[in-house]
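Engineer: File follows, coords_3.cif with mmCIF, C-alpha atoms:
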data_start
loop_
_atom_site.label_atom_id
_atom_site.label_comp_id
_atom_site.auth_asym_id
_atom_site.auth_seq_id
_atom_site.Cartn_x
_atom_site.Cartn_y
_atom_site.Cartn_z
CA MET A 250 114.00 92.92 124.27
CA ALA A 251 113.72 96.18 122.32
CA SER A 252 111.23 96.20 119.49
CA ASN A 253 110.10 98.76 116.93
CA GLU A 254 106.95 96.91 115.90
CA LEU A 255 103.52 97.40 117.44
CA LEU A 256 100.70 94.93 116.90
CA LEU A 257 97.26 96.42 117.45
CA SER A 258 93.83 94.96 116.96
CA LEU A 259 90.17 95.15 117.82
CA THR A 260 88.73 92.56 120.16
CA TYR A 261 86.38 91.37 117.42
CA LEU A 262 86.45 90.72 113.69
CA SER A 263 85.48 93.91 111.92
CA ASP A 264 84.28 94.76 108.43
CA ASP A 265 84.55 98.53 108.94
CA GLU A 266 86.49 99.82 105.93
CA GLN A 267 87.36 103.02 107.82
CA PHE A 268 89.47 100.96 110.22
CA ASN A 269 92.33 100.66 107.74
CA GLU A 270 96.09 101.15 107.55
CA ILE A 271 95.77 104.75 106.35
CA ASN A 272 93.71 105.90 109.33
CA ILE A 273 95.76 103.75 111.73
CA ARG A 274 98.94 105.42 110.47
CA LYS A 275 97.37 108.88 110.83
CA TYR A 276 96.49 108.17 114.47
CA PHE A 277 99.69 106.47 115.68
CA ILE A 278 102.16 108.66 113.80
CA LYS A 279 101.85 111.19 116.63
CA TYR A 280 104.13 108.91 118.68
CA GLY A 281 106.91 108.98 116.09
CA PRO A 282 107.85 108.35 112.45
CA ILE A 283 106.42 105.14 110.99
CA VAL A 284 108.27 102.94 108.51
CA SER A 285 105.24 100.89 107.50
CA CYS A 286 101.74 99.88 108.54
CA ARG A 287 100.81 96.40 107.33
CA VAL A 288 97.54 94.51 107.39
CA VAL A 289 97.47 91.31 109.44
CA ILE A 290 93.70 90.79 109.43
CA PRO A 291 91.76 93.22 107.20
CA TYR A 292 89.84 95.87 109.16
CA THR A 293 90.82 94.18 112.45
CA THR A 294 94.58 93.77 113.09
CA PHE A 295 97.57 95.83 111.93
CA LEU A 296 101.33 95.82 112.43
CA ILE A 297 103.08 99.19 112.78
CA ASP A 298 106.84 99.43 112.32
CA TYR A 299 108.24 102.52 114.06
CA VAL A 300 111.61 104.07 113.28
CA ASP A 301 112.39 104.31 117.00
CA ALA A 302 111.55 101.78 119.70
CA ASN A 303 110.74 104.66 122.08
CA SER A 304 107.77 105.55 119.86
CA LEU A 305 106.32 102.09 120.47
CA ASP A 306 106.83 102.44 124.23
CA CYS A 307 105.12 105.85 124.20
CA ALA A 308 102.11 104.42 122.36
CA ILE A 309 101.79 101.59 124.88
CA LEU A 310 102.26 103.90 127.88
CA ASP A 311 99.52 106.14 126.49
CA GLU A 312 96.93 103.35 126.67
CA PRO A 313 94.03 102.94 126.48
CA HIS A 314 93.34 103.67 122.80
CA PHE A 315 89.83 103.48 121.40
CA TYR A 316 88.14 103.16 118.04
CA ASN A 317 84.39 103.89 118.01
CA ASP A 318 84.30 103.33 121.79
CA ASN A 319 86.03 99.95 121.38
CA GLU A 320 89.37 99.60 123.14
CA LEU A 321 92.33 98.58 121.00
CA VAL A 322 94.61 95.78 122.14
CA LEU A 323 98.28 96.78 121.83
CA ARG A 324 101.31 94.54 122.21
CA LYS A 325 104.93 94.56 121.17
CA TYR A 326 105.84 92.38 118.23
CA ILE A 327 109.22 90.70 117.74
CA SER A 328 110.13 89.16 114.40
CA PRO A 329 110.68 85.37 114.35
CA ASN A 330 114.40 85.58 113.61
CA ARG A 331 114.94 87.85 116.62
CA VAL A 332 112.94 85.53 118.86
CA ASP A 333 114.85 82.48 117.68
CA SER A 334 118.33 83.95 117.66
CA SER A 335 118.16 86.20 120.72
CA SER A 336 115.56 85.34 123.32
CA LEU A 337 115.70 81.59 122.92
CA LYS A 338 119.49 81.65 122.95
CA ARG A 339 119.53 83.72 126.13
CA LEU A 340 116.93 81.47 127.75
CA LEU A 341 118.92 78.33 127.00
CA SER A 342 122.11 80.04 128.11
CA ASN A 343 120.54 80.96 131.45
CA GLN A 344 119.30 77.43 131.94
CA ASN A 345 122.77 76.00 131.30
CA ASN A 346 124.47 78.61 133.46
CA LYS A 347 125.14 77.04 136.82
CA THR A 348 125.40 80.42 138.53
CA THR A 349 121.79 81.21 137.61
CA LYS A 350 119.38 79.55 140.00
CA PHE A 351 116.07 78.66 138.35
CA SER A 352 113.60 76.19 139.71
CA PHE A 353 112.33 73.50 137.39
CA GLN A 354 108.88 75.11 137.36
CA GLU A 355 110.39 78.49 136.44
CA ARG A 356 112.36 77.00 133.57
CA VAL A 357 109.24 75.22 132.31
CA ARG A 358 107.24 78.45 132.63
CA ARG A 359 109.84 80.45 130.69
CA LEU A 360 110.15 77.81 128.00
CA LYS A 361 106.36 77.64 127.69
CA HIS A 362 106.18 81.42 127.46
CA MET A 363 108.84 81.45 124.75
CA THR A 364 107.07 78.65 122.83
CA GLU A 365 103.78 80.54 122.97
CA ALA A 366 105.55 83.71 121.81
CA ILE A 367 107.10 81.89 118.85
CA GLN A 368 103.76 80.31 117.94
CA PHE A 369 102.05 83.69 118.14
CA VAL A 370 104.73 85.30 115.97
CA GLN A 371 104.44 82.50 113.43
CA LYS A 372 100.67 83.04 113.24
CA VAL A 373 101.20 86.76 112.68
CA GLU A 374 103.84 86.09 110.01
CA PHE A 375 101.48 83.65 108.31
CA ARG A 376 98.73 86.28 108.30
CA LEU A 377 101.16 88.87 106.90
CA ILE A 378 102.23 86.50 104.12
CA LYS A 379 98.61 85.65 103.37
CA CYS A 380 97.56 89.32 103.25
CA SER A 381 100.56 90.16 101.07
CA TYR A 382 99.66 87.31 98.71
CA GLU A 383 96.02 88.41 98.57
CA GLU A 384 97.03 92.01 97.88
CA LYS A 385 99.34 90.90 95.06
CA LYS A 386 96.62 88.61 93.73
CA ILE A 387 94.14 91.49 93.73
CA LYS A 388 96.68 93.71 91.93
CA VAL A 389 97.37 90.98 89.35
CA ASN A 390 93.65 90.37 88.81
CA LYS A 391 93.06 94.11 88.54
CA LYS A 392 95.87 94.43 86.01
CA GLN A 393 94.47 91.51 84.03
CA ASN A 394 91.00 93.03 84.16
CA ASP A 395 92.40 96.41 83.14
CA ASP A 396 94.29 94.76 80.29
CA MET A 397 91.14 92.93 79.19
CA ILE A 398 89.11 96.14 79.36
CA LYS A 399 91.82 97.96 77.40
CA LEU A 400 91.92 95.14 74.83
CA ASN A 401 88.12 95.15 74.53
CA ILE A 402 88.14 98.91 74.02
CA GLU A 403 90.83 98.60 71.34
CA LEU A 404 88.93 95.80 69.60
CA ARG A 405 85.70 97.79 69.83
CA ASN A 406 87.42 100.83 68.33
CA LYS A 407 88.91 98.72 65.55
CA SER A 408 85.51 97.17 64.92
CA ASN A 409 83.95 100.63 64.74
CA ASP A 410 86.68 101.75 62.35
CA LEU A 411 86.08 98.70 60.17
CA ASN A 412 82.34 99.32 60.21
CA GLN A 413 82.96 102.91 59.16
CA ASP A 414 85.27 101.72 56.37
CA ILE A 415 82.64 99.22 55.25
CA GLU A 416 79.97 101.92 55.30
CA GLN A 417 82.19 104.21 53.24
CA LEU A 418 82.84 101.38 50.78
CA LYS A 419 79.09 100.79 50.53
CA GLN A 420 78.50 104.46 49.83
CA THR A 421 81.31 104.47 47.26
CA ASN A 422 79.89 101.34 45.68
CA ASN A 423 76.41 102.89 45.52
CA SER A 424 77.87 106.03 43.97
CA LEU A 425 79.73 103.97 41.37
CA LYS A 426 76.59 101.97 40.69
CA LEU A 427 74.58 105.15 40.13
CA LEU A 428 77.34 106.52 37.90
CA ILE A 429 77.39 103.32 35.83
CA GLU A 430 73.60 103.38 35.49
CA GLN A 431 73.75 107.03 34.45
CA ASN A 432 76.46 106.26 31.89
CA GLN A 433 74.40 103.37 30.58
CA ARG A 434 71.36 105.63 30.17
CA ILE A 435 73.47 108.25 28.40
CA GLN A 436 75.00 105.60 26.17
CA LYS A 437 71.56 104.19 25.32
CA HIS A 438 70.27 107.68 24.59
CA MET A 439 73.22 108.36 22.29
CA ILE A 440 72.68 105.05 20.48
CA ASP A 441 69.01 105.90 20.02
CA LEU A 442 69.98 109.32 18.65
CA TYR A 443 72.46 107.75 16.24
CA LYS A 444 69.83 105.27 15.10
CA GLU A 445 67.33 108.07 14.51
CA LYS A 446 69.94 110.08 12.63
CA ILE A 447 70.87 107.09 10.50
CA GLN A 448 67.20 106.44 9.80
CA TYR A 449 66.73 110.11 8.92
CA GLU A 450 69.71 110.11 6.59
CA GLN A 451 68.53 106.86 5.03
CA ASN A 452 65.08 108.33 4.42
CA LYS A 453 66.65 111.39 2.81
CA ALA A 454 68.77 109.14 0.64
CA ASN A 455 65.71 107.17 -0.43
CA GLN A 456 63.82 110.35 -1.23
CA LEU A 457 66.76 111.62 -3.26
CA LYS A 458 66.97 108.33 -5.08
CA GLU A 459 63.27 108.44 -5.93
CA ALA A 460 63.65 112.01 -7.21
CA ILE A 461 66.55 110.96 -9.43
CA ASN A 462 64.56 108.04 -10.77
CA LEU A 463 61.65 110.35 -11.63
CA LEU A 464 63.97 112.70 -13.51
CA ASN A 465 65.49 109.86 -15.47
CA PHE A 466 62.07 108.48 -16.31
CA ARG A 467 61.04 111.73 -17.98
#
Translate the structure of the given file into structure tokens.

Structural biologist:
Amino acid sequence: MASNELLLSLTYLSDDEQFNEINIRKYFIKYGPIVSCRVVIPYTTFLIDYVDANSLDCAILDEPHFYNDNELVLRKYISPNRVDSSSLKRLLSNQNNKTTKFSFQERVRRLKHMTEAIQFVQKVEFRLIKCSYEEKKIKVNKKQNDDMIKLNIELRNKSNDLNQDIEQLKQTNNSLKLLIEQNQRIQKHMIDLYKEKIQYEQNKANQLKEAINLLNFR
């Protein structure tokens, strides 16, 4: 069965961040254009989807492939719907075809092989779904964190603006307070001057009155 998808993996679980889909794509693109390179197991297993099935065959024929002196395991990958609708149908058709002579052991072997293939594909699909979910979860969490950081920055800026406004109001209030105190001192000074002037005028009036009384007495 023709397939465009290549499953490749290390023989051990890796935590090497350099063994990633970007570098895998860079290496295997020499065999032909690649539609996608998806993570099955991070830093360990990847699924490459070629445009042309011949590219996949060329990559397999060019084995072995190595990463840091560790040989990569390559195998064709067939999507579950193609396995179910094509291979299994053909297998059952061959078993029911009287012109095709298969021994009982051969039919059991083929059915077992197909069952194992389906189970393997289901495991890969499960890993793909899990990785896709984890990637989306990371993106959502990152967006939420970014939104929270953005909100915190906005709140901090607003708080700083409010603090500046409060500080300006304090300065304005202090200026007004000083102005009021200055006006009060000026007002008190003017009242004192008026009182002194009134007292001066009153003294002059008393002196004039005394002078008039003296003139009248004579």

Engineer: Closest to A:Ser252 among A:Leu425, A:Ile271, A:Leu457, A:Val300, using only C-alpha atoms?

Structural biologist: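 Using only C-alpha atoms, A:Ser252 sits closest to A:Val300.
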
Engineer: Return as lines of an AutoDock Vina configuration file the centre and edge lengths, in Å with one decimal, of the box along x, y and z that encloses every atom of stretch 289-296 of chain A in the file, padded by 4 Å per side.

Structural biologist:
center_x = 95.6
center_y = 93.3
center_z = 110.1
size_x = 19.5
size_y = 13.1
size_z = 13.9

Engineer: So what does the PyMOL selection byres ((chain A and resi 319) around 12) actually pick up in this one, as a PyMOL selection string?

Structural biologist: chain A and resi 258-261+263+268+293+313-318+320-322

Engineer: Those same residues, written as a short mmCIF file (atom, residue, chain, number, x, y, z; two decimals), keeping the file's coordinate frame with C-alpha atoms?

Structural biologist:
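Dumped everything to result33.cif:
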data_model
loop_
_atom_site.label_atom_id
_atom_site.label_comp_id
_atom_site.auth_asym_id
_atom_site.auth_seq_id
_atom_site.Cartn_x
_atom_site.Cartn_y
_atom_site.Cartn_z
CA SER A 258 93.83 94.96 116.96
CA LEU A 259 90.17 95.15 117.82
CA THR A 260 88.73 92.56 120.16
CA TYR A 261 86.38 91.37 117.42
CA SER A 263 85.48 93.91 111.92
CA PHE A 268 89.47 100.96 110.22
CA THR A 293 90.82 94.18 112.45
CA PRO A 313 94.03 102.94 126.48
CA HIS A 314 93.34 103.67 122.80
CA PHE A 315 89.83 103.48 121.40
CA TYR A 316 88.14 103.16 118.04
CA ASN A 317 84.39 103.89 118.01
CA ASP A 318 84.30 103.33 121.79
CA GLU A 320 89.37 99.60 123.14
CA LEU A 321 92.33 98.58 121.00
CA VAL A 322 94.61 95.78 122.14
#

Engineer: Would you list the contacts of stretch 275-286 of chain A as a ChimeraX atom specification, taking every protein, DNA or RNA residue within 8 Å and counting all atoms listed in the file, but skipping same-chain residues closer than 2 positions in sequence?

Structural biologist: /A:270-273,288,295-301,304-305,307-308

Engineer: Between atom CA of A:Asp265 and atom CA of A:Val289, measure the distance and give it in Å to one decimal.

Structural biologist: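 Taking atom CA of A:Asp265 and atom CA of A:Val289, their separation equals 14.8 Å.
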
Engineer: Pick out the closest residue to A:Glu312 from this set: A:Ile327, A:Asn269, A:Leu257, A:Gln417. Count only C-alpha atoms.

Structural biologist: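 Residue with the minimum atom-to-atom distance to A:Glu312: A:Leu257.
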
Engineer: For the atom pair atom CA of A:Glu254 and atom CA of A:Ala302, what is the interatomic distance in Å to one decimal place?

Structural biologist: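 So the answer is 7.7 Å.
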
Engineer: Report, in Å with one decimal, the straight-line distance from atom CA of A:Asp311 to atom CA of A:Lys325.

Structural biologist: 13.8 Å
